[in-house]
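I have placed the structure first, in the form of structure tokens, so that the comments after it can refer back to it.
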Amino acid sequence: MTVNSKTKVVQNNDQAHSPHSTPVTVFTGFLGAGKTTIIMDIIKSMPKDYNIVMLKNEFGDAEADSALMRESHIQVQEMTNGCLCCVLVGQMRSALLELKEKYNPDRIVVETSGSAFPAPIAWQIRQMEDDGFHLDAILTVIDAINFRGYEDTSYTAKMQAKYTDLILLNKWEMVSERELDVVIDHVNDLNTDTPKVRVTKGSSVDPSLIFGIDTKLFELSNKDGASNNEKDPQSLAHQKNEVDLIEVSKLASLASVTEEVESVTYFQADKFIAFLSQLSPSEVYRIKGIVRVSGLPSDIETTGGLGQELSAQPKQAPRSSQINNTPSFYILNHAFGRYSFTPVKDYLDSSKVNSNDSTSKVLRVTVMGVDLRFLVKKFKDGLSLQDSEYKTYWARRV
């Protein structure tokens with residue numbers, strides 16, 4: 001499909017609404033499903049004259065993806081420390097109005113947190129029709145590798161798969177055809193009728209499939225009669241009931257604080273990767289944020305990025321000339337045992353007081369998973385954390 005035809009398809013599909021109304025496309029999907037990567041590929045594939053801006057909701061306060069997107073010249077506003085469908089409910093209106101006024105976008109893409117229920121978000125957008133917005137579609141990204149692992153334990157994952165206009169099957173190349181068939185069977189048990197599209201790594205989803213859907217899901221006329229589990233008490237406290245959080249914000253230190261906590265101004269790649277490799281995917285679902293590392297392969301500057309997996313025990317050790325021994329900031333993207341380091345060339349830590357490394361942060365990440373209270377010591381020892389450098393939020397599962 002050529003650039004011109006893409007523009008034509010998008011414009012034609014939006015004709016059902018006022019030309020002054022901004023379409024909003026919502027992406028949902030459980031932790032680590034790959035929503036951000038898919039969205040970035042779509043935005044990069046669009047014509048430069050089609051202005052897409054992004055509203056992103058994330059756990060914790062480490063705005064890692066925002067740094068990456070801004071380097072790719074993608075306009076993004078991030079809402080952290082809460083979920084759009086509950087804790088931050090109501091704040092989305094202000095954010096959408098600000099994006100519309102500031103960027104005059106042709107479309108706004110909303111990426112929800114991994115714990116978000118679609119209904120409250122959809123209703124908020126539908127209530128803004130008089131403000132010049134309309135809900136175009138709700139899309140759900142399914143992680144073909146891990147969906148079966150959290151399907152039985154996550155009420156959220158089930159709701160995301162059940163209430164959507166299109167299911168995007170991600171990471172399907174990393175499982176066998178038999179395993180993929182089983183995943184699709186499980187998804188079909190939740191949602192038989194919704195179309196399912198395979199997303200190939202490194203390529204964009206055809207915009208004609210996802211833009212201009214003009215969804216009929218969660219119309220306001222049906223809100224009062226929403227007995228479809230969207231008013232279930234479990235859904236109203238989903239984030240607190242499903243996922244444990246550990247927020248880490250580690251300052252660089254030129255001297256040991258205690259005998260137990262050694263000085264750290266950056267992490268050595270081999271030791272850091274060895275630490276990540278010890279974490280069980282059944283407990284640690286996700287780690288995302290910024291880390292200062294020395295010793296990663298230099299070619300990650302050109303071949304890395306989201307989706308690039310590094311091995312803690314490479315088949316062939318890289319030559320020293322291939323190693324970047326200069327401490328540098330990277331986005332750490334760890335999901336269910338797989339991880340990537342994406343270089344951030346111009347990362348500016350908002351907490352940095354001056355140019356001295358002793359006052360900057362070397363690690364700012366959010367850890368998400370289950371039973372993390374039993375892993376606190378492992379994280380403290382492995383990352384040389386002081387008690388003041390992390391906060392914990394434990395789920396109250398019912």
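The way I read the labels, and the way they are meant: chains A, B, ... in the order of the structure tokens, residue 1 as the first residue of every chain, and ligand 1 as the first ligand shown, with later ones counted on from there.
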Item to check | Within 9 Å of Gly202 (chain A) using only C-alpha atoms, minus same-chain residues under 3 positions, as a list in words | outcome: Thr37, Ile38, Asp41 and Val199 of chain A
Checklist entry - Any idea what's packed within 9 Å of region 128-132 of chain A, counting only C-alpha atoms, ignoring anything in its chain fewer than 5 positions away? Could you give it as a ChimeraX atom specification? => result /A:18,20-23,93,97,100,123
Next on the checklist: Which residue is closest to Arg373 (chain A)? Choose from A:Asp387, A:Asp244, A:Asp206, A:Asp152 and count only C-alpha atoms.
Outcome noted: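 Of A:Asp387, A:Asp244, A:Asp206, A:Asp152, the one nearest Arg373 (chain A) is A:Asp244, counting only C-alpha atoms.
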Checklist entry - Which one of A:Phe27, A:Phe341, A:Tyr155, A:Phe267 sits closest to Thr140 (chain A) if you count only C-alpha atoms? => result A:Phe27
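Considering only C-alpha atoms, the residue among A:Val362, A:Leu166, A:Leu31, A:Leu276 positioned nearest to Ser294 (chain A) is A:Val362.
Our summary of the geometry notes that CA of Ser340 (chain A) is positioned 20.3 Å from CA of Leu169 (chain A).
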Next on the checklist: I'd like the neighbourhood of Gly114 (chain A) as a ChimeraX atom specification, where a residue qualifies if any of its atoms comes within 10 Å (using only C-alpha atoms), though same-chain residues fewer than 2 positions away should be ignored.
Outcome noted: /A:27-33,35,57-59,83,111-112,116-117,156-157,160,239,243
Checklist entry - Out of A:Lys391, A:Arg148, A:Arg292, A:Lys171, which residue has the shortest atom-to-atom distance to Val367 (chain A) when counting only C-alpha atoms? => result A:Lys391
Checklist entry - Which residues in region 127-249 of chain A does DSSP call alpha helix (DSSP H)? List them as an MDAnalysis selection string. => result chainID A and resid 147:151 155:162 177:190 207:210 233:236 238:242
Write a file of the selected residues as a PDB file, in the first residue's frame, keeping C-alpha atoms.
ATOM      1  CA  PHE A 147      -0.930 -15.465  27.428  1.00  0.00           C
ATOM      2  CA  ARG A 148      -1.665 -18.962  28.705  1.00  0.00           C
ATOM      3  CA  GLY A 149       0.568 -18.336  31.733  1.00  0.00           C
ATOM      4  CA  TYR A 150      -1.414 -15.393  33.108  1.00  0.00           C
ATOM      5  CA  GLU A 151      -4.802 -16.103  31.563  1.00  0.00           C
ATOM      6  CA  TYR A 155      -9.073 -11.129  35.385  1.00  0.00           C
ATOM      7  CA  THR A 156      -7.826  -8.092  33.459  1.00  0.00           C
ATOM      8  CA  ALA A 157      -6.285 -10.142  30.645  1.00  0.00           C
ATOM      9  CA  LYS A 158      -9.577 -11.932  30.117  1.00  0.00           C
ATOM     10  CA  MET A 159     -11.560  -8.693  29.972  1.00  0.00           C
ATOM     11  CA  GLN A 160      -9.088  -7.160  27.523  1.00  0.00           C
ATOM     12  CA  ALA A 161      -9.408 -10.152  25.203  1.00  0.00           C
ATOM     13  CA  LYS A 162     -13.180 -10.249  25.538  1.00  0.00           C
ATOM     14  CA  GLU A 177       2.252 -23.661  15.170  1.00  0.00           C
ATOM     15  CA  ARG A 178       0.781 -26.106  17.677  1.00  0.00           C
ATOM     16  CA  GLU A 179       1.391 -23.710  20.575  1.00  0.00           C
ATOM     17  CA  LEU A 180      -0.108 -20.848  18.593  1.00  0.00           C
ATOM     18  CA  ASP A 181      -3.201 -22.918  17.828  1.00  0.00           C
ATOM     19  CA  VAL A 182      -3.638 -23.574  21.552  1.00  0.00           C
ATOM     20  CA  VAL A 183      -3.324 -19.853  22.348  1.00  0.00           C
ATOM     21  CA  ILE A 184      -5.890 -18.984  19.671  1.00  0.00           C
ATOM     22  CA  ASP A 185      -8.223 -21.655  21.068  1.00  0.00           C
ATOM     23  CA  HIS A 186      -7.948 -20.070  24.514  1.00  0.00           C
ATOM     24  CA  VAL A 187      -8.603 -16.605  23.080  1.00  0.00           C
ATOM     25  CA  ASN A 188     -11.584 -17.958  21.124  1.00  0.00           C
ATOM     26  CA  ASP A 189     -13.036 -19.335  24.352  1.00  0.00           C
ATOM     27  CA  LEU A 190     -13.207 -15.721  25.506  1.00  0.00           C
ATOM     28  CA  PRO A 207      -3.612   1.028   9.017  1.00  0.00           C
ATOM     29  CA  SER A 208      -6.758   0.202   7.034  1.00  0.00           C
ATOM     30  CA  LEU A 209      -7.360  -2.672   9.478  1.00  0.00           C
ATOM     31  CA  ILE A 210      -7.158  -0.619  12.651  1.00  0.00           C
ATOM     32  CA  PRO A 233     -16.062  -5.283  42.475  1.00  0.00           C
ATOM     33  CA  GLN A 234     -12.996  -7.176  41.306  1.00  0.00           C
ATOM     34  CA  SER A 235     -12.751  -4.958  38.239  1.00  0.00           C
ATOM     35  CA  LEU A 236     -12.911  -1.791  40.341  1.00  0.00           C
ATOM     36  CA  HIS A 238      -8.040  -4.754  39.617  1.00  0.00           C
ATOM     37  CA  GLN A 239      -4.632  -3.142  39.900  1.00  0.00           C
ATOM     38  CA  LYS A 240      -4.480  -3.677  43.668  1.00  0.00           C
ATOM     39  CA  ASN A 241      -5.775  -7.234  43.325  1.00  0.00           C
ATOM     40  CA  GLU A 242      -3.483  -8.538  40.606  1.00  0.00           C
TER      41      GLU A 242
END
Checklist entry - Neighbours of region 321-325 of chain A within 6 Å (only C-alpha atoms; same-chain residues fewer than 4 positions away dropped), as a ChimeraX atom specification? => result /A:294-298
Take the residues that were just selected and, keeping N, CA and C atoms, output them as a PDB file, in the first residue's frame.
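What landed in result26.pdb:
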ATOM      1  N   SER A 294      27.529  -0.178  31.682  1.00  0.00           N
ATOM      2  CA  SER A 294      28.786  -0.222  30.927  1.00  0.00           C
ATOM      3  C   SER A 294      29.069  -1.667  30.533  1.00  0.00           C
ATOM      4  N   GLY A 295      29.528  -1.856  29.282  1.00  0.00           N
ATOM      5  CA  GLY A 295      29.937  -3.193  28.866  1.00  0.00           C
ATOM      6  C   GLY A 295      28.985  -3.906  27.944  1.00  0.00           C
ATOM      7  N   LEU A 296      27.988  -3.202  27.398  1.00  0.00           N
ATOM      8  CA  LEU A 296      27.098  -3.821  26.418  1.00  0.00           C
ATOM      9  C   LEU A 296      27.759  -3.802  25.037  1.00  0.00           C
ATOM     10  N   PRO A 297      27.387  -4.726  24.163  1.00  0.00           N
ATOM     11  CA  PRO A 297      27.954  -4.728  22.809  1.00  0.00           C
ATOM     12  C   PRO A 297      27.697  -3.406  22.101  1.00  0.00           C
ATOM     13  N   SER A 298      28.728  -2.902  21.428  1.00  0.00           N
ATOM     14  CA  SER A 298      28.597  -1.616  20.747  1.00  0.00           C
ATOM     15  C   SER A 298      27.571  -1.659  19.637  1.00  0.00           C
TER      16      SER A 298
END
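Of the residues under consideration (A:Arg107, A:Arg286, A:His134, A:Lys271), A:Arg286 shows the shortest atom-to-atom contact distance to Leu372 (chain A) when counting only C-alpha atoms.
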Item to check | strand (DSSP E or B) positions in region 78-156 of chain A, given as JSON, numbers by chain | outcome: {"A": [78, 79, 107, 108, 109, 110, 111, 133, 134, 135, 136, 137, 138, 139, 140, 141, 142, 143]}
Using the selection just defined, write its residues with N, CA, C and O atoms as a PDB file, in the first residue's frame.
ATOM      1  N   GLU A  78       2.745  11.194  28.814  1.00  0.00           N
ATOM      2  CA  GLU A  78       2.663   9.994  29.639  1.00  0.00           C
ATOM      3  C   GLU A  78       1.976  10.303  30.959  1.00  0.00           C
ATOM      4  O   GLU A  78       2.261  11.316  31.607  1.00  0.00           O
ATOM      5  N   MET A  79       1.066   9.422  31.353  1.00  0.00           N
ATOM      6  CA  MET A  79       0.381   9.512  32.634  1.00  0.00           C
ATOM      7  C   MET A  79       0.821   8.318  33.475  1.00  0.00           C
ATOM      8  O   MET A  79       0.606   7.167  33.096  1.00  0.00           O
ATOM      9  N   ARG A 107      -5.161  12.168  14.721  1.00  0.00           N
ATOM     10  CA  ARG A 107      -5.605  11.005  15.504  1.00  0.00           C
ATOM     11  C   ARG A 107      -4.804  10.971  16.797  1.00  0.00           C
ATOM     12  O   ARG A 107      -3.622  11.340  16.830  1.00  0.00           O
ATOM     13  N   ILE A 108      -5.451  10.509  17.864  1.00  0.00           N
ATOM     14  CA  ILE A 108      -4.765  10.274  19.135  1.00  0.00           C
ATOM     15  C   ILE A 108      -4.800   8.781  19.427  1.00  0.00           C
ATOM     16  O   ILE A 108      -5.850   8.143  19.335  1.00  0.00           O
ATOM     17  N   VAL A 109      -3.646   8.218  19.750  1.00  0.00           N
ATOM     18  CA  VAL A 109      -3.547   6.822  20.154  1.00  0.00           C
ATOM     19  C   VAL A 109      -3.334   6.777  21.662  1.00  0.00           C
ATOM     20  O   VAL A 109      -2.423   7.424  22.190  1.00  0.00           O
ATOM     21  N   VAL A 110      -4.185   6.032  22.350  1.00  0.00           N
ATOM     22  CA  VAL A 110      -4.076   5.864  23.802  1.00  0.00           C
ATOM     23  C   VAL A 110      -3.546   4.461  24.072  1.00  0.00           C
ATOM     24  O   VAL A 110      -4.162   3.476  23.664  1.00  0.00           O
ATOM     25  N   GLU A 111      -2.398   4.390  24.735  1.00  0.00           N
ATOM     26  CA  GLU A 111      -1.883   3.094  25.178  1.00  0.00           C
ATOM     27  C   GLU A 111      -2.139   2.964  26.670  1.00  0.00           C
ATOM     28  O   GLU A 111      -1.607   3.721  27.475  1.00  0.00           O
ATOM     29  N   PHE A 133     -14.098  14.819  20.207  1.00  0.00           N
ATOM     30  CA  PHE A 133     -13.408  13.526  20.176  1.00  0.00           C
ATOM     31  C   PHE A 133     -14.421  12.423  19.902  1.00  0.00           C
ATOM     32  O   PHE A 133     -15.597  12.541  20.279  1.00  0.00           O
ATOM     33  N   HIS A 134     -13.979  11.350  19.265  1.00  0.00           N
ATOM     34  CA  HIS A 134     -14.825  10.163  19.160  1.00  0.00           C
ATOM     35  C   HIS A 134     -13.970   8.900  19.249  1.00  0.00           C
ATOM     36  O   HIS A 134     -12.830   8.879  18.782  1.00  0.00           O
ATOM     37  N   LEU A 135     -14.531   7.906  19.907  1.00  0.00           N
ATOM     38  CA  LEU A 135     -13.844   6.628  20.059  1.00  0.00           C
ATOM     39  C   LEU A 135     -13.914   5.867  18.738  1.00  0.00           C
ATOM     40  O   LEU A 135     -14.998   5.538  18.267  1.00  0.00           O
ATOM     41  N   ASP A 136     -12.752   5.581  18.165  1.00  0.00           N
ATOM     42  CA  ASP A 136     -12.718   4.887  16.877  1.00  0.00           C
ATOM     43  C   ASP A 136     -12.595   3.377  17.046  1.00  0.00           C
ATOM     44  O   ASP A 136     -13.264   2.617  16.357  1.00  0.00           O
ATOM     45  N   ALA A 137     -11.728   2.931  17.969  1.00  0.00           N
ATOM     46  CA  ALA A 137     -11.537   1.481  18.112  1.00  0.00           C
ATOM     47  C   ALA A 137     -10.849   1.156  19.421  1.00  0.00           C
ATOM     48  O   ALA A 137     -10.094   1.969  19.974  1.00  0.00           O
ATOM     49  N   ILE A 138     -11.116  -0.055  19.903  1.00  0.00           N
ATOM     50  CA  ILE A 138     -10.379  -0.639  21.014  1.00  0.00           C
ATOM     51  C   ILE A 138      -9.659  -1.873  20.466  1.00  0.00           C
ATOM     52  O   ILE A 138     -10.299  -2.791  19.944  1.00  0.00           O
ATOM     53  N   LEU A 139      -8.340  -1.881  20.554  1.00  0.00           N
ATOM     54  CA  LEU A 139      -7.525  -2.971  20.015  1.00  0.00           C
ATOM     55  C   LEU A 139      -6.779  -3.639  21.162  1.00  0.00           C
ATOM     56  O   LEU A 139      -6.268  -2.968  22.054  1.00  0.00           O
ATOM     57  N   THR A 140      -6.712  -4.959  21.133  1.00  0.00           N
ATOM     58  CA  THR A 140      -6.048  -5.703  22.198  1.00  0.00           C
ATOM     59  C   THR A 140      -4.871  -6.486  21.648  1.00  0.00           C
ATOM     60  O   THR A 140      -5.019  -7.237  20.678  1.00  0.00           O
ATOM     61  N   VAL A 141      -3.707  -6.317  22.276  1.00  0.00           N
ATOM     62  CA  VAL A 141      -2.500  -7.052  21.896  1.00  0.00           C
ATOM     63  C   VAL A 141      -2.379  -8.277  22.800  1.00  0.00           C
ATOM     64  O   VAL A 141      -2.390  -8.161  24.031  1.00  0.00           O
ATOM     65  N   ILE A 142      -2.286  -9.437  22.173  1.00  0.00           N
ATOM     66  CA  ILE A 142      -2.134 -10.705  22.893  1.00  0.00           C
ATOM     67  C   ILE A 142      -0.713 -11.215  22.719  1.00  0.00           C
ATOM     68  O   ILE A 142      -0.203 -11.315  21.599  1.00  0.00           O
ATOM     69  N   ASP A 143      -0.057 -11.534  23.821  1.00  0.00           N
ATOM     70  CA  ASP A 143       1.297 -12.091  23.830  1.00  0.00           C
ATOM     71  C   ASP A 143       1.193 -13.603  23.654  1.00  0.00           C
ATOM     72  O   ASP A 143       0.798 -14.323  24.559  1.00  0.00           O
TER      73      ASP A 143
END
